[in-house]
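K.L.:
Structure file data.cif (mmCIF, C-alpha atoms) is given on the next line.
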```cif
data_model
loop_
_atom_site.label_atom_id
_atom_site.label_comp_id
_atom_site.auth_asym_id
_atom_site.auth_seq_id
_atom_site.Cartn_x
_atom_site.Cartn_y
_atom_site.Cartn_z
CA MET A 1 0.00 0.00 0.00
CA THR A 2 1.34 3.44 -0.93
CA THR A 3 1.91 5.67 2.10
CA TYR A 4 1.99 9.44 2.34
CA LYS A 5 5.62 9.20 3.41
CA LYS A 6 6.56 7.30 0.25
CA GLU A 7 4.74 9.83 -1.92
CA GLN A 8 5.92 13.00 -0.19
CA GLY A 9 9.05 12.01 1.74
CA ILE A 10 7.89 13.24 5.15
CA ASN A 11 6.09 11.82 8.19
CA VAL A 12 2.67 13.12 9.23
CA LYS A 13 1.66 12.74 12.87
CA SER A 14 -1.43 10.66 13.55
CA TYR A 15 -3.88 11.45 16.37
CA SER A 16 -7.04 9.68 17.46
CA SER A 17 -8.75 13.06 17.96
CA ASP A 18 -8.13 16.67 16.98
CA PRO A 19 -5.39 18.30 19.13
CA PRO A 20 -6.22 21.39 21.24
CA ASN A 21 -6.83 24.47 19.13
CA ALA A 22 -7.19 27.16 21.81
CA TYR A 23 -4.67 30.01 21.72
CA PRO A 24 -1.75 29.54 22.01
CA SER A 25 -1.51 26.34 19.98
CA GLY A 26 1.67 24.56 18.96
CA PHE A 27 -0.20 22.89 16.11
CA GLU A 28 -0.83 26.04 14.07
CA GLY A 29 -0.06 25.40 10.39
CA LYS A 30 0.94 21.76 10.98
CA LEU A 31 -0.58 18.97 8.94
CA TYR A 32 -1.77 15.91 10.89
CA TYR A 33 -3.95 12.83 10.38
CA ASN A 34 -7.08 12.13 12.47
CA SER A 35 -7.39 8.34 12.62
CA SER A 36 -10.95 8.55 14.01
CA ASP A 37 -12.46 10.29 10.99
CA GLY A 38 -9.79 9.35 8.44
CA LEU A 39 -9.00 12.94 7.45
CA PHE A 40 -5.83 14.97 7.00
CA LYS A 41 -6.23 18.33 8.79
CA TYR A 42 -4.36 21.46 9.85
CA GLN A 43 -4.99 24.45 12.11
CA SER A 44 -5.36 27.94 10.70
CA LEU A 45 -6.25 31.34 12.18
CA SER A 46 -9.60 33.10 11.94
CA GLY A 47 -9.75 36.81 11.17
CA GLY A 48 -10.32 37.75 14.80
CA ALA A 49 -13.13 39.69 16.45
CA TRP A 50 -14.00 41.87 19.45
CA ALA A 51 -16.57 40.54 21.94
CA SER A 52 -18.25 42.41 24.79
CA GLY A 53 -17.01 41.76 28.32
CA ASN A 54 -18.36 42.95 31.65
CA GLY A 55 -17.76 46.65 32.20
CA LEU A 56 -15.58 48.52 34.68
CA ASN A 57 -17.27 49.31 37.98
CA THR A 58 -16.40 53.00 37.51
CA GLY A 59 -16.24 54.58 34.06
CA ARG A 60 -12.99 56.41 33.38
CA LYS A 61 -11.02 58.07 30.64
CA ARG A 62 -7.24 58.45 30.60
CA ILE A 63 -7.09 55.07 32.34
CA SER A 64 -3.87 53.02 32.26
CA GLY A 65 -3.66 49.26 31.90
CA ALA A 66 -1.35 46.27 32.10
CA GLY A 67 -1.56 42.48 32.04
CA THR A 68 -3.35 40.08 29.71
CA GLN A 69 -6.86 39.52 28.40
CA THR A 70 -7.73 37.21 31.30
CA ALA A 71 -5.68 38.93 34.02
CA ALA A 72 -5.60 42.71 33.60
CA ILE A 73 -5.35 45.76 35.81
CA GLY A 74 -6.93 49.18 35.18
CA ILE A 75 -5.30 52.04 37.07
CA ALA A 76 -6.38 55.58 37.99
CA GLY A 77 -7.67 57.96 35.27
CA ILE A 78 -10.40 60.63 35.32
CA THR A 79 -13.94 60.07 36.62
CA PRO A 80 -16.96 62.34 36.01
CA PRO A 81 -17.13 65.27 35.94
CA ALA A 82 -13.36 65.83 35.95
CA SER A 83 -11.91 64.20 39.06
CA VAL A 84 -8.46 62.64 39.12
CA SER A 85 -8.88 59.09 40.37
CA ASP A 86 -6.97 56.72 42.66
CA LEU A 87 -9.23 53.76 41.78
CA VAL A 88 -7.74 50.43 40.73
CA GLU A 89 -9.65 47.47 39.29
CA LYS A 90 -8.57 43.95 38.29
CA TYR A 91 -10.08 41.82 35.52
CA ASP A 92 -10.11 38.03 35.86
CA GLY A 93 -11.32 37.22 32.37
CA THR A 94 -14.96 37.57 33.39
CA SER A 95 -15.48 40.63 35.58
CA TRP A 96 -13.78 43.64 37.18
CA SER A 97 -13.23 43.92 40.96
CA GLU A 98 -12.04 46.94 42.91
CA VAL A 99 -8.75 46.42 44.75
CA ALA A 100 -6.48 48.62 46.89
CA GLU A 101 -6.27 52.23 45.72
CA ILE A 102 -3.06 53.74 44.43
CA ASN A 103 -1.42 56.12 46.94
CA THR A 104 -1.25 59.13 44.59
CA ALA A 105 -4.34 59.84 42.48
CA ARG A 106 -3.26 60.53 38.91
CA TYR A 107 -4.24 60.40 35.28
CA ILE A 108 -2.38 59.97 32.03
CA GLY A 109 0.05 58.09 34.25
CA SER A 110 0.57 55.72 31.36
CA PHE A 111 4.19 54.89 32.12
CA VAL A 112 2.77 51.56 33.23
CA PHE A 113 4.20 48.09 32.82
CA GLY A 114 4.06 44.64 34.35
CA THR A 115 1.27 42.19 35.13
CA SER A 116 -1.99 42.30 37.07
CA THR A 117 -0.14 41.17 40.22
CA ALA A 118 3.20 42.96 39.75
CA THR A 119 2.89 46.42 38.21
CA ILE A 120 4.80 49.69 38.17
CA VAL A 121 3.15 53.09 37.62
CA ALA A 122 5.56 55.96 36.98
CA GLY A 123 4.75 59.64 36.61
CA GLY A 124 1.39 61.09 35.63
CA ALA A 125 -0.51 64.26 36.36
CA THR A 126 -2.32 64.95 39.62
CA THR A 127 -4.73 67.67 38.43
CA ALA A 128 -6.37 68.54 35.13
CA PRO A 129 -5.28 69.75 32.62
CA GLY A 130 -1.99 68.02 33.33
CA VAL A 131 -0.40 70.45 35.79
CA PRO A 132 1.80 69.52 37.40
CA THR A 133 3.38 66.32 36.17
CA VAL A 134 4.98 64.18 38.90
CA ASN A 135 8.00 61.89 39.21
CA ASN A 136 6.33 59.65 41.78
CA VAL A 137 6.58 55.87 41.18
CA GLU A 138 4.52 53.12 42.83
CA GLN A 139 4.75 49.35 42.69
CA TRP A 140 1.84 46.88 43.02
CA ASN A 141 2.47 43.45 44.54
CA GLY A 142 -1.00 42.04 43.99
CA THR A 143 -2.26 43.33 47.34
CA SER A 144 -0.99 46.87 47.98
CA TRP A 145 0.92 49.82 46.50
CA THR A 146 4.36 50.94 47.71
CA GLU A 147 6.27 54.06 46.72
CA ILE A 148 9.68 53.29 45.23
CA THR A 149 12.53 55.18 43.50
CA GLU A 150 11.39 58.23 41.52
CA ILE A 151 11.95 58.66 37.78
CA ASN A 152 14.55 61.23 36.71
CA LYS A 153 12.05 63.77 35.35
CA ALA A 154 8.42 64.50 36.24
CA LYS A 155 6.32 63.56 33.20
CA ALA A 156 3.09 62.02 32.00
CA ASP A 157 1.38 60.50 28.98
CA GLY A 158 4.08 58.23 27.58
CA GLY A 159 4.66 54.51 27.05
CA GLY A 160 5.95 51.70 29.20
CA SER A 161 6.90 48.04 28.82
CA GLY A 162 8.66 45.30 30.74
CA SER A 163 8.46 43.90 34.28
CA THR A 164 8.93 45.14 37.84
CA THR A 165 12.62 44.16 37.68
CA ALA A 166 13.37 45.21 34.09
CA GLY A 167 11.28 48.06 32.70
CA LEU A 168 11.31 50.80 30.08
CA ILE A 169 9.49 54.15 29.82
CA PHE A 170 9.63 56.60 26.92
CA GLY A 171 8.18 59.82 25.56
CA GLY A 172 5.50 61.83 27.34
CA PHE A 173 5.34 65.50 28.30
CA HIS A 174 6.62 67.63 31.16
CA MET A 175 4.77 70.55 32.83
CA PRO A 176 5.19 73.27 33.81
CA ALA A 177 7.46 74.24 30.96
CA THR A 178 7.80 76.97 28.34
CA PRO A 179 5.59 77.88 26.58
CA ALA A 180 3.03 75.40 27.95
CA TYR A 181 4.63 71.96 28.04
CA ALA A 182 7.65 70.11 26.76
CA ILE A 183 7.11 67.04 24.57
CA LEU A 184 9.79 64.50 25.33
CA ASP A 185 11.97 62.07 23.42
CA GLU A 186 13.58 60.71 26.59
CA THR A 187 13.88 57.02 27.51
CA GLU A 188 14.55 55.57 30.95
CA THR A 189 15.25 52.00 31.99
CA TRP A 190 14.42 50.38 35.34
CA ASN A 191 16.57 47.58 36.81
CA GLY A 192 14.49 46.85 39.88
CA SER A 193 16.10 49.52 42.04
CA ALA A 194 17.12 52.54 39.92
CA TRP A 195 16.19 54.51 36.78
CA SER A 196 18.78 55.34 34.09
CA GLU A 197 18.48 57.62 31.07
CA VAL A 198 19.37 55.89 27.80
CA ALA A 199 19.05 56.57 24.05
CA GLU A 200 16.35 59.00 22.93
CA LEU A 201 13.42 58.37 20.62
CA ASN A 202 13.81 59.62 17.05
CA SER A 203 10.50 61.55 17.36
CA SER A 204 9.31 63.26 20.53
CA ARG A 205 5.83 61.96 21.31
CA TYR A 206 3.08 61.73 23.87
CA THR A 207 -0.14 59.81 23.81
CA ASN A 208 -2.18 57.99 26.43
CA ASP A 209 -1.28 54.31 26.66
CA ALA A 210 1.25 54.80 23.85
CA THR A 211 2.18 51.15 23.89
CA LYS A 212 1.90 47.95 25.77
CA ALA A 213 3.98 46.08 23.24
CA GLY A 214 7.22 44.51 24.34
CA THR A 215 9.82 44.20 27.08
CA SER A 216 12.63 46.35 28.46
CA THR A 217 14.91 45.21 25.61
CA ALA A 218 12.41 44.87 22.76
CA ALA A 219 9.57 47.42 22.66
CA LEU A 220 7.32 49.30 20.23
CA THR A 221 5.80 52.76 20.45
CA TRP A 222 3.27 54.51 18.26
CA GLY A 223 0.79 57.35 18.55
CA ARG A 224 0.94 61.12 18.72
CA ALA A 225 4.17 62.72 17.57
CA ASN A 226 4.83 66.25 16.33
CA GLN A 227 1.69 67.39 18.20
CA SER A 228 -0.69 65.64 15.78
CA PRO A 229 -2.10 62.14 15.18
CA ASP A 230 0.86 60.23 13.80
CA ALA A 231 1.48 56.88 12.09
CA ILE A 232 5.19 56.67 12.96
CA VAL A 233 6.24 53.48 14.75
CA GLU A 234 9.56 53.04 16.55
CA GLU A 235 11.20 49.88 17.88
CA TRP A 236 13.63 49.60 20.80
CA ASP A 237 16.31 46.88 20.55
CA GLY A 238 17.80 47.32 24.00
CA SER A 239 20.20 50.09 23.02
CA SER A 240 18.56 52.35 20.41
CA TRP A 241 15.32 53.26 18.63
CA SER A 242 14.70 52.74 14.90
CA GLU A 243 11.69 53.57 12.74
CA GLU A 244 9.67 50.56 11.58
CA GLY A 245 6.57 50.05 9.42
CA ASP A 246 4.02 52.86 9.86
CA LEU A 247 0.46 52.38 11.04
CA ASN A 248 -2.07 52.50 8.22
CA GLU A 249 -3.76 55.45 9.93
CA GLY A 250 -2.17 57.98 12.30
CA ARG A 251 -3.79 58.39 15.70
CA GLU A 252 -3.40 59.71 19.21
CA SER A 253 -4.49 58.22 22.56
CA PRO A 254 -4.88 54.63 21.31
CA GLY A 255 -4.77 51.36 23.19
CA GLY A 256 -2.11 48.77 22.53
CA SER A 257 -0.79 45.35 23.47
CA GLY A 258 1.55 42.57 22.47
CA THR A 259 5.21 42.25 21.47
CA THR A 260 7.54 43.63 18.80
CA THR A 261 6.54 40.80 16.44
CA SER A 262 2.90 40.39 17.48
CA ALA A 263 1.26 43.71 18.42
CA LEU A 264 -2.24 45.20 18.32
CA ALA A 265 -3.20 48.89 18.10
CA PHE A 266 -6.83 49.85 18.66
CA GLY A 267 -8.98 52.94 18.99
CA GLY A 268 -7.60 56.45 19.31
CA THR A 269 -8.34 59.72 17.55
CA PRO A 270 -9.51 59.98 14.79
CA ALA A 271 -9.46 56.20 14.22
CA ALA A 272 -11.88 55.51 17.08
CA THR A 273 -12.86 51.96 16.09
CA LEU A 274 -9.87 50.94 13.99
CA THR A 275 -7.88 47.82 14.91
CA GLU A 276 -4.48 47.09 13.36
CA SER A 277 -2.26 44.03 13.79
CA TYR A 278 1.56 44.03 13.52
CA ASN A 279 3.63 40.99 12.52
CA GLY A 280 7.06 42.48 13.05
CA THR A 281 7.16 44.09 9.60
CA SER A 282 3.83 45.67 8.65
CA TRP A 283 0.37 46.56 9.97
CA THR A 284 -2.90 45.02 8.76
CA GLU A 285 -6.39 46.37 9.43
CA LEU A 286 -8.71 43.90 11.14
CA ALA A 287 -12.21 43.93 12.68
CA ASP A 288 -13.25 47.22 14.32
CA LEU A 289 -13.99 47.83 17.99
CA ALA A 290 -17.74 47.75 18.66
CA THR A 291 -17.47 50.98 20.67
CA GLY A 292 -15.22 53.66 19.22
CA ARG A 293 -13.04 55.39 21.79
CA SER A 294 -9.73 57.02 22.62
CA GLN A 295 -7.96 57.59 25.96
CA LEU A 296 -8.61 53.92 26.79
CA GLY A 297 -6.75 51.22 28.66
CA GLY A 298 -5.23 48.23 26.93
CA ALA A 299 -3.77 44.87 27.93
CA GLY A 300 -2.72 41.71 26.13
CA ALA A 301 0.10 39.32 25.35
CA SER A 302 -0.05 39.33 21.54
CA ASN A 303 -2.05 40.34 18.47
CA GLU A 304 -4.20 37.25 19.04
CA SER A 305 -5.50 38.12 22.53
CA ALA A 306 -6.14 41.60 23.96
CA LEU A 307 -8.42 43.70 26.17
CA ALA A 308 -9.77 47.23 25.64
CA PHE A 309 -11.52 49.11 28.46
CA GLY A 310 -12.71 52.56 29.50
CA GLY A 311 -12.11 55.61 27.34
CA ASP A 312 -13.34 59.11 26.54
CA THR A 313 -16.86 60.04 27.75
CA PHE A 314 -15.97 58.04 30.90
CA GLN A 315 -16.84 54.70 29.38
CA THR A 316 -17.13 51.45 31.34
CA ASN A 317 -17.16 49.31 28.18
CA THR A 318 -14.83 46.32 28.03
CA GLU A 319 -14.08 44.40 24.84
CA GLU A 320 -12.07 41.21 24.38
CA TRP A 321 -10.09 40.59 21.19
CA THR A 322 -9.52 36.99 20.14
CA ILE A 323 -8.09 35.29 17.09
CA THR A 324 -9.06 31.63 17.26
CA HIS A 325 -7.50 28.61 15.62
CA THR A 326 -9.87 26.80 13.28
CA LEU A 327 -9.58 23.25 11.95
CA LYS A 328 -9.35 22.79 8.20
CA LYS A 329 -9.56 19.46 6.44
CA VAL A 330 -7.38 18.69 3.45
CA THR A 331 -9.33 17.70 0.36
CA THR A 332 -8.41 16.74 -3.19
CA SER A 333 -9.48 18.70 -6.24
#
```
For the structure just supplied, provide its representation as structure tokens.
P.N.:
Amino acid sequence: MTTYKKEQGINVKSYSSDPPNAYPSGFEGKLYYNSSDGLFKYQSLSGGAWASGNGLNTGRKRISGAGTQTAAIGIAGITPPASVSDLVEKYDGTSWSEVAEINTARYIGSFVFGTSTATIVAGGATTAPGVPTVNNVEQWNGTSWTEITEINKAKADGGGSGSTTAGLIFGGFHMPATPAYAILDETETWNGSAWSEVAELNSSRYTNDATKAGTSTAALTWGRANQSPDAIVEEWDGSSWSEEGDLNEGRESPGGSGTTTSALAFGGTPAATLTESYNGTSWTELADLATGRSQLGGAGASNESALAFGGDTFQTNTEEWTITHTLKKVTTS
């Protein structure tokens, strides 16, 4: 009897049932044989979609986020009518719960990085409209907040990535300054005990939740540069910044998540519902958010799984982004 191996020169794994196809799956793109139904199959990706999740307990704009789709944290922000908040909520994949408040109420404190149980919040603004910015830093251990070493310059509204022992913050603005504020290109690294200034961004920029994509040695940033919605994307390689593939549509105050090779950008102004996925080279437009918004929080591990929450007009809305693996059978034609 002729075998597939004799015809094609390779082995194909045989399983009595279909292997797991939930994200993340090690079977993506791999051909296999299902001995129960006698079919050759492989796993492919769907186009992805946003689904409604349970809302925040308190609607907020200028909220900061960290973590993953099933374990996220939403920090501070502005509550109606224009109050700077110290509220913190955690998401468990189903619902939000209020946890211990941050010590210093702040908004646009989006130099945020870490997980839902180990987070650092650096900088921010303590009163609207962003005066003054602060250099205060706090660390979350899953139970309470503790003040730790301050950043080198008081600032707000930039990006952050990494962990509580190896972090990165970049961009933002500083007030008071002349004439009204100073937009920054500065980058600082965190080693678990101290902040150090390192190589500057190529373009000064500030934008709420500028990025949640990457680590302290491999990060992405996008959003408002040159005081206007901008499509410029920069990548950090651990020592310097370089410009990478632009977003399809420039924006400010978006949400973001992922890594330098698997990132998601969503919402913002004027692209309030737009979702774009990054593969390490270029951006592709995907399914829109159901509720358009900017100034929102974002969390997520990749471009396949993310969380969007809060936003302008003090929204409570939460949406979950998922790209699922689907089973395809191999047929002859």
K.L.:
I want to know what sits within 8 Å of A:Ala122, based on only C-alpha atoms, with residues of the same chain fewer than 3 positions away left out; could you give that as a ChimeraX atom specification?
P.N.:
/A:109-112,135-138,150-151
K.L.:
Choose the residue, out of A:Glu244, A:Asp18, A:Glu147, A:Glu197, that has the smallest atom-to-atom separation from A:Leu31; count all atoms listed in the file.
P.N.:
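So, comparing all the options, the nearest one is A:Asp18.
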K.L.:
I'd like the interatomic distance between atom CA of A:Thr165 and atom CA of A:Gly214, to a tenth of an Å.
P.N.:
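These two atoms are separated by 14.4 Å.
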K.L.:
What does the structure give for the distance between atom CA of A:Arg106 and atom CA of A:Val84, in Å to one decimal?
P.N.:
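Calculated distance between atom CA of A:Arg106 and atom CA of A:Val84 is 5.6 Å.
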K.L.:
How many Å separate atom CA of A:Val198 from atom CA of A:Phe170?
P.N.:
9.8 Å
